[in-house]
>>> print(open('input_12.csv').read())   # CSV, C-alpha atoms and all ligand atoms
chain,number,residue,atom,x,y,z
T,35,MET,CA,17.1,16.0,-15.0
T,36,ASN,CA,14.7,13.6,-16.7
T,37,ILE,CA,13.2,11.1,-14.4
T,38,THR,CA,10.9,8.2,-15.2
T,39,LEU,CA,8.3,7.4,-12.6
T,40,VAL,CA,6.8,3.9,-12.5
T,41,ALA,CA,3.4,3.0,-11.1
T,42,GLY,CA,1.6,-0.3,-11.6
T,43,ALA,CA,-0.7,-1.2,-8.8
T,44,ARG,CA,-3.1,0.3,-6.3
T,45,PRO,CA,-0.7,1.1,-3.5
T,46,ASN,CA,1.8,2.6,-6.0
T,47,PHE,CA,-0.8,5.1,-7.2
T,48,ILE,CA,-1.3,6.5,-3.7
T,49,LYS,CA,2.5,6.9,-3.3
T,50,ILE,CA,3.2,8.4,-6.7
T,51,ALA,CA,0.4,11.0,-6.2
T,52,ALA,CA,2.4,12.7,-3.5
T,53,ILE,CA,5.7,12.5,-5.4
T,54,ILE,CA,4.2,14.0,-8.6
T,55,GLU,CA,2.6,16.9,-6.6
T,56,ALA,CA,6.0,17.6,-5.0
T,57,ILE,CA,7.7,17.6,-8.4
T,58,HIS,CA,5.1,20.0,-9.8
T,59,ASN,CA,5.7,22.3,-6.8
T,60,LYS,CA,9.5,22.3,-7.6
T,61,GLN,CA,8.8,23.0,-11.3
T,62,THR,CA,6.7,26.0,-10.2
T,63,GLU,CA,9.7,27.2,-8.2
T,64,GLY,CA,11.7,27.1,-11.4
T,65,PHE,CA,13.6,23.9,-10.9
T,66,LEU,CA,14.4,21.9,-14.1
T,67,LEU,CA,13.0,18.5,-13.2
T,68,ASN,CA,11.1,16.7,-16.0
T,69,TYR,CA,9.2,13.5,-15.4
T,70,ARG,CA,7.5,10.9,-17.5
T,71,LEU,CA,4.9,8.7,-15.8
T,72,VAL,CA,4.8,5.1,-16.9
T,73,HIS,CA,1.7,3.0,-15.8
T,74,THR,CA,2.6,-0.6,-16.4
T,75,GLY,CA,-1.1,-1.7,-16.4
T,76,GLN,CA,-0.5,-4.3,-13.7
T,77,HIS,CA,-3.7,-3.2,-12.1
T,78,TYR,CA,-6.2,-2.1,-14.7
T,79,ASP,CA,-9.7,-2.3,-13.3
T,80,GLU,CA,-11.6,0.9,-12.9
T,81,ASN,CA,-11.8,0.2,-9.1
T,82,LEU,CA,-8.1,-0.5,-8.6
T,83,SER,CA,-6.6,2.0,-11.1
T,84,ARG,CA,-8.6,4.7,-12.9
T,85,ALA,CA,-10.5,5.7,-9.8
T,86,PHE,CA,-7.3,6.6,-8.0
T,87,PHE,CA,-6.0,8.7,-10.8
T,88,LYS,CA,-9.2,10.7,-10.8
T,89,GLU,CA,-9.5,11.1,-7.0
T,90,LEU,CA,-5.9,11.8,-6.3
T,91,CYS,CA,-5.4,14.1,-9.3
T,92,ILE,CA,-2.7,12.0,-10.8
T,93,PRO,CA,-1.9,13.2,-14.3
T,94,VAL,CA,-2.8,10.8,-17.2
T,95,PRO,CA,0.3,8.6,-17.6
T,96,HIS,CA,2.5,9.4,-20.6
T,97,VAL,CA,2.3,5.7,-21.5
T,98,ASN,CA,0.4,2.6,-20.3
T,99,LEU,CA,2.3,-0.6,-21.0
T,100,GLY,CA,-1.1,-2.4,-20.7
T,101,VAL,CA,0.4,-5.7,-19.3
T,102,GLY,CA,-2.8,-6.9,-17.6
T,103,SER,CA,-3.1,-10.0,-15.6
T,104,GLY,CA,-1.0,-13.1,-15.6
T,105,SER,CA,1.1,-15.3,-13.4
T,106,GLN,CA,4.0,-13.8,-11.5
T,107,ALA,CA,6.5,-14.7,-14.3
T,108,GLU,CA,4.1,-13.6,-17.1
T,109,GLN,CA,3.5,-10.2,-15.6
T,110,THR,CA,7.2,-9.7,-14.8
T,111,ALA,CA,8.2,-10.6,-18.4
T,112,ALA,CA,5.5,-8.5,-20.0
T,113,ILE,CA,6.5,-5.4,-17.8
T,114,MET,CA,10.2,-5.9,-18.6
T,115,ILE,CA,9.6,-6.1,-22.4
T,116,GLY,CA,7.3,-3.1,-22.4
T,117,PHE,CA,9.6,-1.0,-20.1
T,118,GLU,CA,12.7,-1.8,-22.0
T,119,LYS,CA,11.1,-0.4,-25.2
T,120,GLU,CA,9.9,2.6,-23.2
T,121,LEU,CA,13.4,3.4,-21.9
T,122,GLN,CA,14.9,2.9,-25.4
T,123,GLU,CA,12.4,5.3,-26.9
T,124,ASN,CA,12.5,7.8,-24.0
T,125,PRO,CA,15.9,7.8,-22.3
T,126,CYS,CA,16.1,9.3,-18.8
T,127,ASP,CA,18.6,10.0,-16.1
T,128,MET,CA,16.9,8.1,-13.4
T,129,VAL,CA,14.0,5.6,-12.9
T,130,LEU,CA,12.1,6.0,-9.7
T,131,VAL,CA,10.1,3.0,-8.4
T,132,VAL,CA,7.9,2.8,-5.4
T,133,GLY,CA,6.8,0.0,-3.0
T,134,ASP,CA,7.1,-3.7,-3.6
T,135,VAL,CA,4.9,-4.8,-6.4
T,136,THR,CA,5.9,-6.8,-9.5
T,137,SER,CA,6.2,-3.5,-11.5
T,138,THR,CA,8.7,-2.2,-8.9
T,139,MET,CA,11.0,-5.1,-9.4
T,140,ALA,CA,10.6,-5.6,-13.1
T,141,CYS,CA,11.3,-1.9,-14.0
T,142,ALA,CA,14.3,-1.8,-11.6
T,143,ILE,CA,15.9,-4.7,-13.4
T,144,VAL,CA,15.3,-3.1,-16.8
T,145,ALA,CA,16.6,0.3,-15.7
T,146,LYS,CA,19.8,-1.1,-14.2
T,147,LYS,CA,20.6,-3.3,-17.2
T,148,ALA,CA,20.2,-0.1,-19.3
T,149,HIS,CA,22.7,1.6,-17.0
T,150,VAL,CA,20.1,4.0,-15.7
T,151,LYS,CA,20.2,5.0,-12.0
T,152,VAL,CA,17.5,3.5,-9.8
T,153,ALA,CA,15.8,5.3,-6.9
T,154,HIS,CA,13.5,3.2,-4.7
T,155,VAL,CA,10.9,4.8,-2.5
T,156,GLU,CA,10.0,2.5,0.5
T,157,ALA,CA,13.4,0.8,0.3
T,158,GLY,CA,14.8,-1.5,3.0
T,159,ILE,CA,11.6,-2.9,4.5
T,160,ARG,CA,11.6,-6.7,5.0
T,161,SER,CA,9.2,-9.2,6.4
T,162,GLY,CA,11.7,-12.0,6.3
T,163,ASP,CA,9.0,-14.2,4.7
T,164,LEU,CA,10.1,-15.4,1.3
T,165,THR,CA,6.7,-17.0,0.6
T,166,MET,CA,5.5,-13.4,-0.1
T,167,PRO,CA,6.0,-12.3,-3.7
T,168,GLU,CA,6.4,-8.8,-2.3
T,169,GLU,CA,9.4,-9.8,-0.2
T,170,ILE,CA,11.2,-11.1,-3.3
T,171,ASN,CA,10.4,-7.9,-5.1
T,172,ARG,CA,11.9,-5.9,-2.2
T,173,ILE,CA,15.1,-7.9,-2.1
T,174,VAL,CA,15.7,-7.8,-5.9
T,175,THR,CA,14.8,-4.1,-6.2
T,176,ASP,CA,17.0,-3.1,-3.3
T,177,SER,CA,19.9,-5.2,-4.7
T,178,LEU,CA,19.8,-2.9,-7.8
T,179,THR,CA,19.0,0.4,-6.2
T,180,ASP,CA,21.3,3.4,-6.2
T,181,TYR,CA,19.3,5.8,-4.0
T,182,PHE,CA,17.3,4.3,-1.1
T,183,PHE,CA,14.4,6.4,0.3
T,184,THR,CA,13.2,4.9,3.6
T,185,THR,CA,10.2,5.1,5.9
T,186,SER,CA,11.7,4.0,9.2
T,187,GLU,CA,14.8,3.3,11.3
T,188,TYR,CA,14.1,-0.4,10.8
T,189,ALA,CA,14.5,0.0,7.1
T,190,ASN,CA,17.7,2.0,7.5
T,191,GLU,CA,19.1,-0.7,9.8
T,192,ASN,CA,18.2,-3.5,7.3
T,193,LEU,CA,20.0,-1.7,4.5
T,194,LYS,CA,23.1,-1.0,6.7
T,195,LYS,CA,23.2,-4.7,7.6
T,196,LEU,CA,23.3,-5.4,3.9
T,197,GLY,CA,26.4,-3.2,3.5
T,198,ILE,CA,24.7,-0.3,1.8
T,199,GLU,CA,26.8,2.8,2.2
T,200,GLU,CA,25.1,5.3,4.5
T,201,HIS,CA,25.3,8.2,2.1
T,202,LYS,CA,23.0,6.3,-0.3
T,203,ILE,CA,20.2,5.9,2.3
T,204,PHE,CA,17.8,8.8,2.7
T,205,PHE,CA,15.5,8.6,5.7
T,206,VAL,CA,12.6,10.6,4.4
T,207,GLY,CA,9.4,9.2,6.0
T,208,ASN,CA,6.3,7.8,4.4
T,209,VAL,CA,4.8,9.1,1.2
T,210,MET,CA,1.6,7.1,1.7
T,211,ILE,CA,1.0,9.2,4.7
T,212,ASP,CA,1.6,12.4,2.7
T,213,THR,CA,-1.4,11.4,0.6
T,214,LEU,CA,-3.5,10.4,3.7
T,215,LEU,CA,-2.8,13.8,5.4
T,216,ARG,CA,-3.3,15.7,2.1
T,217,TYR,CA,-6.8,14.2,1.6
T,218,LYS,CA,-8.0,13.6,5.1
T,219,ASP,CA,-10.4,16.5,5.0
T,220,ARG,CA,-11.9,15.3,1.8
T,221,PHE,CA,-12.7,11.7,2.8
T,222,LYS,CA,-16.1,10.9,1.5
T,223,LYS,CA,-19.0,9.1,3.1
T,224,PRO,CA,-19.8,6.1,0.9
T,225,VAL,CA,-23.4,5.5,-0.1
T,226,LEU,CA,-23.4,2.3,1.9
T,227,TRP,CA,-23.0,4.3,5.1
T,228,ASP,CA,-26.7,5.4,5.0
T,229,ASP,CA,-27.9,2.2,3.3
T,230,LEU,CA,-26.4,0.1,6.2
T,231,LYS,CA,-27.2,2.7,8.8
T,232,LEU,CA,-23.6,2.8,10.0
T,233,THR,CA,-22.6,5.0,12.9
T,234,ASN,CA,-19.2,6.1,14.3
T,235,LYS,CA,-17.2,3.2,15.8
T,236,ASN,CA,-20.1,0.8,15.4
T,237,TYR,CA,-18.8,-1.3,12.6
T,238,LEU,CA,-15.6,-3.1,11.4
T,239,VAL,CA,-13.8,-2.9,8.0
T,240,MET,CA,-12.0,-5.9,6.6
T,241,THR,CA,-9.6,-6.4,3.6
T,242,LEU,CA,-7.9,-9.6,2.6
T,243,HIS,CA,-5.7,-10.1,-0.5
T,244,ARG,CA,-2.5,-11.8,0.5
T,245,PRO,CA,-2.0,-15.2,-1.3
T,246,SER,CA,-1.2,-16.8,2.1
T,247,ASN,CA,-4.8,-16.0,3.2
T,248,VAL,CA,-6.9,-16.0,0.0
T,249,ASP,CA,-5.5,-18.8,-2.1
T,250,ASN,CA,-6.5,-21.5,0.3
T,251,LYS,CA,-10.3,-22.1,0.4
T,252,GLN,CA,-10.4,-23.8,3.8
T,253,LEU,CA,-8.3,-21.2,5.5
T,254,LEU,CA,-10.2,-18.3,4.0
T,255,LYS,CA,-13.5,-19.9,5.1
T,256,MET,CA,-12.1,-20.5,8.6
T,257,LEU,CA,-10.9,-16.9,8.9
T,258,ILE,CA,-14.1,-15.3,7.8
T,259,GLU,CA,-16.3,-17.6,10.0
T,260,GLN,CA,-14.2,-16.9,13.0
T,261,ILE,CA,-14.2,-13.1,12.5
T,262,VAL,CA,-18.0,-13.2,12.0
T,263,ASN,CA,-18.4,-15.3,15.2
T,264,LEU,CA,-16.3,-12.8,17.2
T,265,SER,CA,-17.9,-9.7,15.8
T,266,LYS,CA,-20.9,-9.5,18.2
T,267,GLY,CA,-23.1,-8.8,15.2
T,268,TYR,CA,-21.4,-5.5,14.4
T,269,PRO,CA,-21.6,-4.8,10.6
T,270,ILE,CA,-18.4,-5.9,8.8
T,271,ILE,CA,-17.7,-4.0,5.6
T,272,PHE,CA,-15.6,-6.1,3.3
T,273,PRO,CA,-14.3,-4.5,0.1
T,274,VAL,CA,-13.3,-7.5,-1.9
T,275,HIS,CA,-10.1,-7.5,-3.9
T,276,PRO,CA,-10.4,-9.2,-7.3
T,277,ARG,CA,-7.9,-11.8,-6.2
T,278,THR,CA,-10.1,-12.8,-3.2
T,279,GLN,CA,-13.4,-12.7,-5.2
T,280,LYS,CA,-12.5,-15.8,-7.2
T,281,LEU,CA,-12.3,-18.0,-4.1
T,282,LEU,CA,-15.3,-16.3,-2.4
T,283,ASN,CA,-17.4,-17.1,-5.4
T,284,ALA,CA,-16.8,-20.8,-4.7
T,285,LEU,CA,-17.4,-20.5,-1.0
T,286,HIS,CA,-20.9,-19.0,-0.8
T,287,LEU,CA,-20.3,-17.6,2.7
T,288,ASN,CA,-23.3,-15.5,3.7
T,289,PHE,CA,-23.8,-13.9,7.1
T,290,LYS,CA,-26.3,-11.2,8.1
T,291,ASN,CA,-23.7,-8.8,9.3
T,292,LEU,CA,-21.0,-9.4,6.7
T,293,HIS,CA,-21.3,-7.0,3.8
T,294,TYR,CA,-19.3,-7.7,0.6
T,295,VAL,CA,-18.7,-4.6,-1.5
T,296,ASN,CA,-16.5,-3.8,-4.5
T,297,PRO,CA,-13.1,-2.3,-3.8
T,298,LEU,CA,-13.7,1.3,-2.7
T,299,GLY,CA,-12.2,4.5,-3.9
T,300,TYR,CA,-9.5,6.0,-1.7
T,301,LEU,CA,-11.6,8.8,-0.2
T,302,GLU,CA,-14.5,6.5,0.6
T,303,PHE,CA,-12.4,3.7,1.9
T,304,ASN,CA,-10.5,5.9,4.3
T,305,TYR,CA,-13.7,7.6,5.5
T,306,LEU,CA,-14.8,4.1,6.5
T,307,VAL,CA,-11.5,3.3,8.2
T,308,LYS,CA,-11.4,6.6,10.0
T,309,HIS,CA,-14.8,6.0,11.7
T,310,ALA,CA,-14.5,2.2,12.2
T,311,LEU,CA,-14.1,0.5,15.5
T,312,SER,CA,-11.3,-1.5,14.0
T,313,ILE,CA,-9.8,-2.6,10.7
T,314,ILE,CA,-9.0,-6.3,10.1
T,315,THR,CA,-6.6,-6.7,7.3
T,316,ASP,CA,-3.6,-8.4,5.7
T,317,SER,CA,-2.5,-5.3,3.8
T,318,GLY,CA,0.7,-3.4,4.5
T,319,GLY,CA,-0.3,0.1,3.6
T,320,ILE,CA,-3.5,-0.1,5.6
T,321,THR,CA,-1.5,-0.9,8.8
T,322,GLU,CA,0.3,2.4,8.3
T,323,GLU,CA,-2.8,4.4,7.6
T,324,ALA,CA,-4.6,2.9,10.7
T,325,THR,CA,-1.6,3.8,12.8
T,326,VAL,CA,-1.8,7.5,11.7
T,327,MET,CA,-5.6,7.6,12.2
T,328,ASP,CA,-5.3,5.8,15.6
T,329,ILE,CA,-7.6,3.0,14.6
T,330,PRO,CA,-7.1,-0.5,16.2
T,331,CYS,CA,-5.7,-2.7,13.4
T,332,ILE,CA,-5.8,-6.5,13.6
T,333,THR,CA,-3.4,-8.0,11.0
T,334,LEU,CA,-4.0,-11.5,9.8
T,335,ARG,CA,-0.3,-12.1,9.1
T,336,ASN,CA,2.5,-13.6,11.2
T,337,THR,CA,5.1,-11.1,10.0
T,338,THR,CA,5.3,-7.6,9.0
T,339,GLU,CA,7.8,-5.5,7.0
T,340,ARG,CA,6.5,-2.5,8.9
T,341,PRO,CA,7.3,-3.4,12.5
T,342,GLU,CA,6.9,0.2,13.6
T,343,THR,CA,3.1,-0.1,13.1
T,344,CYS,CA,3.2,-2.6,16.0
T,345,SER,CA,5.9,-1.2,18.2
T,346,ILE,CA,4.7,2.4,17.9
T,347,GLY,CA,1.3,2.2,16.2
T,348,THR,CA,-2.0,0.6,16.7
T,349,ASN,CA,-1.3,-2.7,14.8
T,350,VAL,CA,-1.3,-6.2,16.2
T,351,LEU,CA,-0.2,-9.3,14.3
T,352,VAL,CA,-2.5,-12.3,14.8
T,353,GLY,CA,-1.6,-14.5,11.8
T,354,ASN,CA,-4.4,-17.1,11.4
T,355,ASP,CA,-4.1,-18.2,15.0
T,356,SER,CA,-7.5,-18.6,16.6
T,357,LYS,CA,-6.3,-17.8,20.1
T,358,LYS,CA,-4.6,-14.6,19.0
T,359,ILE,CA,-7.6,-13.5,16.9
T,360,GLN,CA,-9.9,-14.1,20.0
T,361,ASN,CA,-7.6,-12.1,22.2
T,362,ALA,CA,-7.5,-9.2,19.8
T,363,PHE,CA,-11.3,-9.1,19.7
T,364,LYS,CA,-11.5,-9.3,23.5
T,365,LYS,CA,-9.2,-6.3,23.8
T,366,LEU,CA,-11.1,-4.4,21.1
T,367,PHE,CA,-14.5,-4.9,22.7
T,368,SER,CA,-13.3,-4.2,26.2
T,369,GLY,CA,-12.0,-0.8,25.1
T,370,THR,CA,-8.4,-1.6,26.1
T,371,TRP,CA,-6.7,-1.4,22.7
T,372,LYS,CA,-3.2,0.1,23.0
T,373,LYS,CA,-2.9,3.8,22.1
T,374,GLY,CA,-0.5,4.3,19.2
T,375,SER,CA,1.6,7.2,18.2
T,376,ILE,CA,2.9,8.4,14.9
T,377,PRO,CA,6.3,7.2,13.6
T,378,GLN,CA,9.1,9.6,13.0
T,379,LEU,CA,8.8,11.7,9.8
T,380,TRP,CA,5.3,10.4,8.9
T,381,ASP,CA,4.4,14.1,8.8
T,382,GLY,CA,3.1,14.8,5.3
T,383,HIS,CA,6.4,16.2,3.9
T,384,THR,CA,8.1,13.1,2.7
T,385,ALA,CA,7.6,13.6,-1.0
T,386,GLU,CA,9.0,17.1,-0.6
T,387,ARG,CA,12.1,15.7,1.1
T,388,ILE,CA,12.5,13.1,-1.7
T,389,VAL,CA,12.3,15.7,-4.5
T,390,ASN,CA,14.8,17.9,-2.7
T,391,HIS,CA,17.2,15.0,-2.5
T,392,LEU,CA,16.6,14.2,-6.2
T,393,ILE,CA,17.5,17.7,-7.2
T,394,SER,CA,20.7,17.6,-5.2
T,395,ILE,CA,21.7,14.2,-6.4
T,396,VAL,CA,22.0,15.1,-10.1
T,401,LIG,N1,-7.6,1.0,-0.4
T,401,LIG,C1,-8.6,1.6,-1.1
T,401,LIG,N2,-9.8,1.0,-1.3
T,401,LIG,C2,-10.0,-0.3,-0.8
T,401,LIG,C3,-9.0,-1.0,-0.1
T,401,LIG,C4,-7.7,-0.3,0.0
T,401,LIG,O1,-8.4,2.8,-1.5
T,401,LIG,O2,-11.1,-0.8,-1.0
T,401,LIG,C5,-6.3,1.7,-0.3
T,401,LIG,C6,-5.8,1.8,1.2
T,401,LIG,O3,-6.3,3.0,1.8
T,401,LIG,C7,-4.3,1.8,1.0
T,401,LIG,C8,-4.0,1.0,-0.2
T,401,LIG,O4,-5.3,0.9,-0.9
T,401,LIG,O5,-3.8,3.2,0.7
T,401,LIG,C9,-3.5,-0.4,0.2
T,401,LIG,O6,-3.4,-1.2,-0.9
T,401,LIG,P1,-3.3,-2.8,-0.8
T,401,LIG,O7,-3.9,-3.2,0.5
T,401,LIG,O8,-3.8,-3.3,-2.1
T,401,LIG,O9,-1.7,-3.0,-0.9
T,401,LIG,P2,-0.5,-3.2,0.2
T,401,LIG,O10,-0.5,-1.9,1.0
T,401,LIG,O11,-0.8,-4.4,1.0
T,401,LIG,O12,0.7,-3.3,-0.6
>>> encode(input="input_12.csv", output="structure tokens", more="lines below")
Ligand code: UDP
Amino acid sequence: MNITLVAGARPNFIKIAAIIEAIHNKQTEGFLLNYRLVHTGQHYDENLSRAFFKELCIPVPHVNLGVGSGSQAEQTAAIMIGFEKELQENPCDMVLVVGDVTSTMACAIVAKKAHVKVAHVEAGIRSGDLTMPEEINRIVTDSLTDYFFTTSEYANENLKKLGIEEHKIFFVGNVMIDTLLRYKDRFKKPVLWDDLKLTNKNYLVMTLHRPSNVDNKQLLKMLIEQIVNLSKGYPIIFPVHPRTQKLLNALHLNFKNLHYVNPLGYLEFNYLVKHALSIITDSGGITEEATVMDIPCITLRNTTERPETCSIGTNVLVGNDSKKIQNAFKKLFSGTWKKGSIPQLWDGHTAERIVNHLISIV
């Protein structure tokens, strides 16, 4: 079987790394499973792309569509044009997309129109919030998917409610956690650890990149000021996403214990999370990683497409509600944060299960 794998943005690279490793293992066992890796170029900075290929040993993509930045529609269109040509020149039996970024949706549309089967890894998750571009990507992608690989019972139920036949749903677990468990012994102390004299559980990590938080200057200012005020002077390490940087440049918010840094590599970032008192975030993937590392996670969103991180894991949703943010910090500093456990099948063997299914499908 010839399969085309699509990766376009930071969270995709972390997922595809585990899948490629599982394919290589099957090839070594003698299975005939060929892949072509397509990088759409949606994320192209050294910090958001190349660093992950190096650290996670992802092979150089067979092609990079080089779409670069643009509006939602510009990026979608550029990816579709590039990927259509790619599929014409390099036909395949199946296109596998991961996650919920623009590349996921755009390549699923192109594949389906070219009558190529679509497999979606991380299918079925829903936040119910249509103001998130990712939610639209999820809905469109799943409406075209032939093989649904899911992370949770919630996702399975969502798909069943949509009328998806059960034999097309494969509950395999979480590939992002495959990568986390694979690399956890190689997490790397960042240089800033010594520079800022950080010690175990004596600092906070923060990431913000959702349009709902970082496209509104006043809201972003309010959130950062409130978090700094509640932080009791603990260092806050804030790797700034390029999207967020634009607004921060205009805000000039400087506080003694707030440390802005460039986006970190995977091994350094997760070293920081693993030893932090808490992570404050609006990311999806980070809520899953925090759950597995048993780190209190304060999520500045009102909804989540990963409810198991709250019901089973260490995550709490506070939106941008001052009262809820205050309560979360109170719990954190009183040492009464809930103890999480690890969701079913988040065991490091998800990619292996996916590849076993792929082999049996064709
Ligand atoms: N991440 C990283 N460096 C950083 C911030 C995040 O390596 O400075 C990793 C993090 O460990 C997780 C992924 O990026 O695996 C999450 O990506 P992001 O928050 O951009 O996407 P989302 O999960 O919200 O789709």
>>> closest_residue(input="input_12.csv", among="T:Pro297, T:Gly207, T:Gln109, T:Phe65", to="Ser394 of chain T", atoms="only C-alpha atoms")
T:Phe65
>>> closest_residue(input="input_12.csv", among="T:Thr136, T:Asn190, T:Asn296, T:Asn304", to="Lys223 of chain T", atoms="only C-alpha atoms")
T:Asn304
>>> residues_around(input="input_12.csv", residues="Leu214 of chain T", least_positions_apart="2", cutoff="10 Å", atoms="only C-alpha atoms", output="PyMOL selection string")
chain T and resi 48-49+52+209-212+216-221+300-301+304+322-323+326-327+382
>>> closest_residue(input="input_12.csv", among="T:Asn124, T:Ser345, T:Ser103, T:Thr213", to="ligand LIG 401 (chain T)", atoms="all atoms listed in the file")
T:Thr213
>>> closest_residue(input="input_12.csv", among="T:Glu339, T:Asn354, T:Pro224, T:Thr348", to="Gln252 of chain T", atoms="all atoms listed in the file")
T:Asn354
>>> residues_near_ligand(input="input_12.csv", ligand="ligand LIG 401 (chain T)", cutoff="9 Å", atoms="all atoms listed in the file", output="number ranges by chain")
T: 43-49, 81-82, 86, 133-135, 168, 210-211, 213-214, 240-244, 272-275, 295-304, 307, 315-323
